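Source file: model-v2.txt (compact mmCIF, C-alpha atoms)
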```
# COMPACT_ATOMS: atom_id res chain seq x y z
CA MET A 1 70.33 110.39 88.87
CA ASN A 2 73.64 111.09 90.59
CA ASN A 3 76.65 110.59 88.35
CA GLN A 4 79.16 111.76 90.97
CA HIS A 5 81.59 109.18 92.32
CA THR A 6 82.76 109.02 95.92
CA GLU A 7 86.21 110.52 96.28
CA LEU A 8 88.37 107.77 97.79
CA PHE A 9 91.69 109.59 97.98
CA HIS A 10 92.59 113.14 98.92
CA ARG A 11 95.83 114.84 97.89
CA HIS A 12 97.76 116.11 100.88
CA LYS A 13 98.04 119.88 101.20
CA LEU A 14 101.86 119.66 101.40
CA ASN A 15 102.21 117.99 97.99
CA PRO A 16 104.71 117.57 96.57
CA ILE A 17 106.23 116.34 99.82
CA LEU A 18 109.62 115.72 98.16
CA THR A 19 111.29 117.39 95.18
CA ALA A 20 114.75 117.50 93.63
CA GLU A 21 115.40 120.69 95.63
CA ASN A 22 115.28 118.65 98.84
CA TRP A 23 118.05 116.32 97.73
CA PRO A 24 121.48 116.47 99.39
CA TYR A 25 123.24 115.90 96.07
CA PRO A 26 122.56 117.15 92.50
CA VAL A 27 119.71 115.32 90.71
CA ASN A 28 117.30 116.01 87.86
CA SER A 29 114.07 114.71 89.40
CA VAL A 30 112.48 112.59 92.14
CA PHE A 31 109.40 110.41 91.58
CA ASN A 32 107.75 106.94 91.65
CA ALA A 33 108.71 106.02 95.20
CA GLY A 34 108.11 102.66 96.82
CA ALA A 35 106.67 103.09 100.32
CA THR A 36 106.69 101.02 103.50
CA LEU A 37 106.34 101.32 107.26
CA LEU A 38 109.39 100.47 109.37
CA GLN A 39 109.33 98.67 112.72
CA ASP A 40 109.47 101.93 114.65
CA GLY A 41 106.33 103.17 112.88
CA SER A 42 108.14 105.64 110.65
CA THR A 43 107.63 105.81 106.90
CA LEU A 44 110.32 105.02 104.36
CA LEU A 45 110.09 106.12 100.76
CA LEU A 46 112.52 104.45 98.38
CA CYS A 47 112.52 107.14 95.72
CA ARG A 48 113.39 106.77 92.09
CA VAL A 49 115.92 109.52 91.49
CA GLU A 50 117.11 110.55 88.05
CA ASP A 51 120.71 111.76 88.15
CA ARG A 52 122.31 114.38 85.94
CA THR A 53 123.19 111.75 83.31
CA GLY A 54 119.53 110.80 82.88
CA LEU A 55 119.87 107.39 84.57
CA SER A 56 117.89 106.42 87.66
CA HIS A 57 118.86 104.99 91.04
CA PHE A 58 117.10 104.64 94.41
CA CYS A 59 117.47 106.86 97.45
CA ALA A 60 115.71 106.39 100.80
CA ALA A 61 113.86 109.15 102.61
CA ARG A 62 112.50 108.63 106.14
CA SER A 63 109.83 110.50 108.08
CA ALA A 64 108.23 109.96 111.49
CA ASN A 65 104.79 110.87 110.16
CA GLY A 66 105.10 110.22 106.42
CA LYS A 67 104.38 113.87 105.65
CA ASP A 68 107.31 116.12 106.50
CA SER A 69 110.72 116.41 108.22
CA TRP A 70 112.19 113.90 105.80
CA LYS A 71 115.69 112.56 106.40
CA ILE A 72 117.23 111.70 103.04
CA ASP A 73 120.26 109.46 102.56
CA SER A 74 123.28 111.57 101.67
CA GLN A 75 124.23 109.23 98.81
CA PRO A 76 122.27 106.81 96.56
CA THR A 77 120.82 103.97 98.63
CA LEU A 78 120.84 101.48 95.75
CA HIS A 79 122.70 102.31 92.56
CA HIS A 80 122.53 100.51 89.25
CA ASP A 81 125.47 98.10 88.97
CA PRO A 82 126.06 97.21 85.31
CA ASP A 83 129.46 95.66 86.06
CA ASN A 84 127.94 92.91 88.20
CA PHE A 85 124.39 93.09 86.84
CA PRO A 86 124.67 94.01 83.14
CA GLU A 87 120.87 93.98 82.85
CA GLU A 88 120.92 97.26 84.83
CA LEU A 89 122.84 99.01 82.05
CA TRP A 90 120.38 101.91 81.71
CA GLY A 91 119.47 102.31 85.35
CA ILE A 92 116.93 101.00 87.85
CA GLU A 93 113.39 102.32 88.22
CA ASP A 94 110.01 102.19 89.98
CA PRO A 95 110.53 100.12 93.18
CA ARG A 96 107.66 98.40 94.98
CA ILE A 97 108.24 97.21 98.54
CA THR A 98 106.70 94.25 100.38
CA PHE A 99 107.64 93.14 103.88
CA VAL A 100 107.95 89.34 103.94
CA ASP A 101 107.44 88.09 107.48
CA GLU A 102 108.78 84.59 106.72
CA LEU A 103 112.12 86.09 105.67
CA LYS A 104 112.04 89.04 108.08
CA LYS A 105 113.11 91.14 105.13
CA PHE A 106 111.74 93.71 102.74
CA ALA A 107 111.42 92.57 99.13
CA VAL A 108 112.12 95.35 96.66
CA VAL A 109 110.84 94.48 93.20
CA TYR A 110 111.95 96.99 90.60
CA THR A 111 112.53 97.64 86.92
CA ALA A 112 116.03 96.99 85.60
CA TYR A 113 116.40 98.82 82.32
CA THR A 114 118.36 96.53 80.03
CA ARG A 115 119.67 97.20 76.55
CA ASP A 116 116.54 95.40 75.30
CA GLY A 117 114.04 97.24 77.46
CA PRO A 118 112.64 96.91 80.99
CA GLY A 119 112.85 93.68 83.00
CA VAL A 120 111.74 92.76 86.52
CA ALA A 121 114.48 92.56 89.18
CA LEU A 122 114.48 91.69 92.88
CA ALA A 123 116.52 92.66 95.92
CA LEU A 124 116.03 91.77 99.61
CA THR A 125 117.04 93.96 102.55
CA GLU A 126 116.63 94.16 106.31
CA ASP A 127 117.71 97.77 106.77
CA PHE A 128 117.74 99.52 103.37
CA LYS A 129 121.50 99.74 103.67
CA ASN A 130 122.60 96.27 102.62
CA PHE A 131 120.88 94.49 99.74
CA ASP A 132 120.89 90.92 98.50
CA ARG A 133 120.37 91.36 94.77
CA TYR A 134 118.79 88.56 92.75
CA GLY A 135 119.13 90.32 89.40
CA VAL A 136 116.49 90.03 86.69
CA ILE A 137 113.81 87.45 87.50
CA MET A 138 111.49 88.28 84.56
CA PRO A 139 113.12 89.12 81.20
CA PRO A 140 112.21 92.10 79.00
CA GLU A 141 109.78 93.42 78.24
CA ASP A 142 108.19 93.24 81.68
CA LYS A 143 107.61 95.68 84.55
CA ASP A 144 105.05 96.99 87.11
CA ALA A 145 105.75 94.07 89.46
CA ALA A 146 105.28 93.40 93.17
CA LEU A 147 105.65 90.39 95.44
CA LEU A 148 102.80 89.18 97.64
CA PRO A 149 103.79 89.06 101.33
CA TYR A 150 103.51 85.31 101.87
CA ARG A 151 103.47 82.02 100.00
CA ILE A 152 100.33 80.69 98.35
CA ASP A 153 100.11 76.89 98.30
CA GLY A 154 103.82 76.75 99.10
CA ASN A 155 104.95 79.16 96.38
CA TRP A 156 105.77 82.84 96.26
CA ALA A 157 103.47 84.89 94.05
CA MET A 158 104.26 87.98 92.01
CA ILE A 159 102.06 90.27 89.94
CA HIS A 160 103.72 91.74 86.86
CA ARG A 161 103.03 93.14 83.40
CA PRO A 162 104.69 91.47 80.42
CA VAL A 163 104.18 93.18 77.08
CA SER A 164 103.00 91.48 73.93
CA ALA A 165 102.65 94.29 71.42
CA PRO A 166 100.39 96.12 71.01
CA ARG A 167 98.78 95.21 74.36
CA ALA A 168 99.92 94.64 77.95
CA HIS A 169 97.98 92.76 80.65
CA MET A 170 98.46 91.94 84.33
CA TRP A 171 99.75 88.45 85.10
CA ILE A 172 100.55 86.49 88.26
CA SER A 173 103.42 84.00 88.42
CA TYR A 174 104.68 81.60 91.08
CA SER A 175 108.09 80.50 92.37
CA PRO A 176 109.39 78.07 95.01
CA ASP A 177 112.59 80.06 95.61
CA LEU A 178 112.12 83.65 94.27
CA LYS A 179 114.50 82.82 91.41
CA ASN A 180 112.70 80.35 89.14
CA TRP A 181 109.26 81.50 88.06
CA GLY A 182 106.48 79.59 86.35
CA LYS A 183 102.77 78.81 86.36
CA HIS A 184 102.12 82.10 84.60
CA ILE A 185 98.43 83.01 84.78
CA LEU A 186 96.64 85.92 83.14
CA MET A 187 95.21 87.86 86.06
CA MET A 188 93.45 90.74 84.32
CA ASP A 189 93.46 91.75 80.69
CA ALA A 190 93.31 95.23 79.25
CA ARG A 191 90.12 95.90 77.34
CA LYS A 192 89.97 96.73 73.67
CA GLY A 193 88.51 99.88 72.23
CA ALA A 194 88.23 103.33 73.76
CA TRP A 195 87.87 102.35 77.42
CA TRP A 196 90.01 104.14 79.98
CA ASP A 197 91.80 100.83 80.70
CA ALA A 198 92.19 99.75 77.09
CA ASN A 199 95.29 98.14 75.58
CA LYS A 200 97.74 98.55 78.47
CA ILE A 201 97.25 98.22 82.24
CA GLY A 202 99.65 97.61 85.11
CA LEU A 203 99.97 97.41 88.88
CA SER A 204 100.33 100.67 90.83
CA PRO A 205 101.29 100.01 94.50
CA PRO A 206 101.62 96.45 95.84
CA PRO A 207 98.26 94.72 96.43
CA ILE A 208 96.59 95.40 99.78
CA GLU A 209 95.19 92.44 101.72
CA THR A 210 91.69 92.98 103.15
CA PRO A 211 89.16 90.62 104.82
CA ASP A 212 87.30 90.52 101.49
CA GLY A 213 90.31 89.75 99.29
CA TRP A 214 93.19 91.58 97.61
CA LEU A 215 92.63 95.23 96.79
CA VAL A 216 94.55 96.09 93.64
CA ILE A 217 95.04 99.62 92.36
CA LEU A 218 95.92 99.53 88.69
CA SER A 219 97.09 102.18 86.27
CA TRP A 220 96.63 102.94 82.62
CA SER A 221 98.75 105.26 80.53
CA LYS A 222 98.78 106.53 76.99
CA ALA A 223 101.30 108.77 75.32
CA ASN A 224 100.13 111.34 72.80
CA VAL A 225 103.12 111.93 70.56
CA GLN A 226 101.53 114.74 68.55
CA ARG A 227 100.52 116.77 71.62
CA MET A 228 103.53 115.63 73.67
CA TYR A 229 101.78 114.59 76.89
CA LEU A 230 101.13 111.44 78.88
CA GLN A 231 97.70 110.49 80.15
CA VAL A 232 97.65 108.45 83.37
CA ARG A 233 94.55 107.09 85.09
CA SER A 234 93.96 104.71 87.99
CA GLY A 235 91.29 102.16 88.88
CA ILE A 236 90.52 99.74 91.70
CA VAL A 237 89.60 96.07 91.53
CA ARG A 238 89.17 93.34 94.17
CA PHE A 239 90.40 89.77 93.77
CA GLU A 240 89.22 86.99 96.04
CA LYS A 241 91.86 85.01 97.91
CA THR A 242 92.53 81.68 96.24
```
Since I need it in another form, could you write the structure as structure tokens?
Amino acid sequence: MNNQHTELFHRHKLNPILTAENWPYPVNSVFNAGATLLQDGSTLLLCRVEDRTGLSHFCAARSANGKDSWKIDSQPTLHHDPDNFPEELWGIEDPRITFVDELKKFAVVYTAYTRDGPGVALALTEDFKNFDRYGVIMPPEDKDAALLPYRIDGNWAMIHRPVSAPRAHMWISYSPDLKNWGKHILMMDARKGAWWDANKIGLSPPPIETPDGWLVILSWSKANVQRMYLQVRSGIVRFEKT
């Protein structure tokens, strides 16, 4: 009996491909980037960057091959703006990018860290220089969200992870205009017990459309306070198109 699983992903030999040392201005750390391909075939990473105050913003890095020779914006690409968007009081985090052909724009769904915890926010852009910010579209506590690239039965669809203590599941919600969301449907629930995906699961990158349905990579995390570490694991599931 063979208990070995096929290795689906291979870490690149240049990892980490970006660190705080690469940044053109002082930062604490660089992580959790949203990724997309641009029209010229180059790769853009919209990185979550923690500044020296401990708050996060986004900064774009571009590469012709997605591996090296990164060109990083000299200043934050998208900064938190608590004066105009008070729900971004404690920074913005964890962007996920979807190109929406109908709009000819990239949809950046991200976490706005409010005074009451994380909420889901949305911004649209054509060039990652100018952004049309929608503000929070899902109130706290909610995160790990991404927009599907086209309408389903006339409505936009978004996967997200609201929290109802002590568990958190993956949901899908629908909107006619990207602002007003409803028809909330439980998409996948976290199992109970000692399973690797017990109690709390969430979306990793945006879902990938395949001929057989939507390929969803999900994550699970658990903090061990006594031993001061964070366990993170990933899984894959396929959803049929409906």
Find, counting only C-alpha atoms, the residue in A:Ala157, A:Thr43, A:Leu38, A:Met138 that gets nearest to Lys104 of chain A.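 So, comparing all the options, the nearest one is A:Leu38.
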Nearest-residue call for Pro24 of chain A, choices A:Val163, A:Ala123, A:Ile72, A:Cys47, using all atoms listed in the file: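 Among A:Val163, A:Ala123, A:Ile72, A:Cys47, it is A:Ile72 that comes nearest to Pro24 of chain A.
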Separation of atom CA of Leu89 of chain A from atom CA of Glu141 of chain A in Å: 14.7 Å
Can you list, as a ChimeraX atom specification, every protein, DNA or RNA residue that comes within 12 Å of Asp127 of chain A when you count only C-alpha atoms, leaving out same-chain residues fewer than 6 positions away? /A:36-39,44,46,60,77,99,104-108
If you measure from atom CA of Ser29 of chain A to atom CA of Pro139 of chain A, what distance in Å do you get, rounded to one decimal?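 Taking atom CA of Ser29 of chain A as the start and atom CA of Pro139 of chain A as the end point, the length is 26.9 Å.
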To one decimal in Å, tell me the separation between atom CA of Pro95 of chain A and atom CA of Asp212 of chain A. 26.5 Å
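With only C-alpha atoms as the basis for measurement, A:Met158 is the residue among A:Met158, A:Gln75, A:Val27, A:His57 that approaches Pro207 of chain A most closely.
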Just give me the residues with any atom within 10 Å of (105.4, 108.7, 97.7), file coordinates, counting all atoms listed in the file, written as a PyMOL selection string. chain A and resi 15-18+30-36+43-48+61+66-67
Taking into account only C-alpha atoms, which residue in the set A:Arg151, A:Lys183, A:Arg52, A:His80 is nearest to Ala121 of chain A?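 Looking at the shortest contact to Ala121 of chain A, the residue is A:His80.
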Can you tell me which residues surround Asn180 of chain A at a distance of at most 12 Å, considering only C-alpha atoms, apart from same-chain residues fewer than 3 positions away, and format the answer as a list of chain:residue names?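 Near Asn180 of chain A, the qualifying residues are A:Tyr134, A:Gly135, A:Val136, A:Ile137, A:Met138, A:Pro139, A:Asn155, A:Trp156, A:Ala157, A:Met158, A:Ser173, A:Tyr174, A:Ser175, A:Pro176, A:Asp177, A:Lys183, A:His184.
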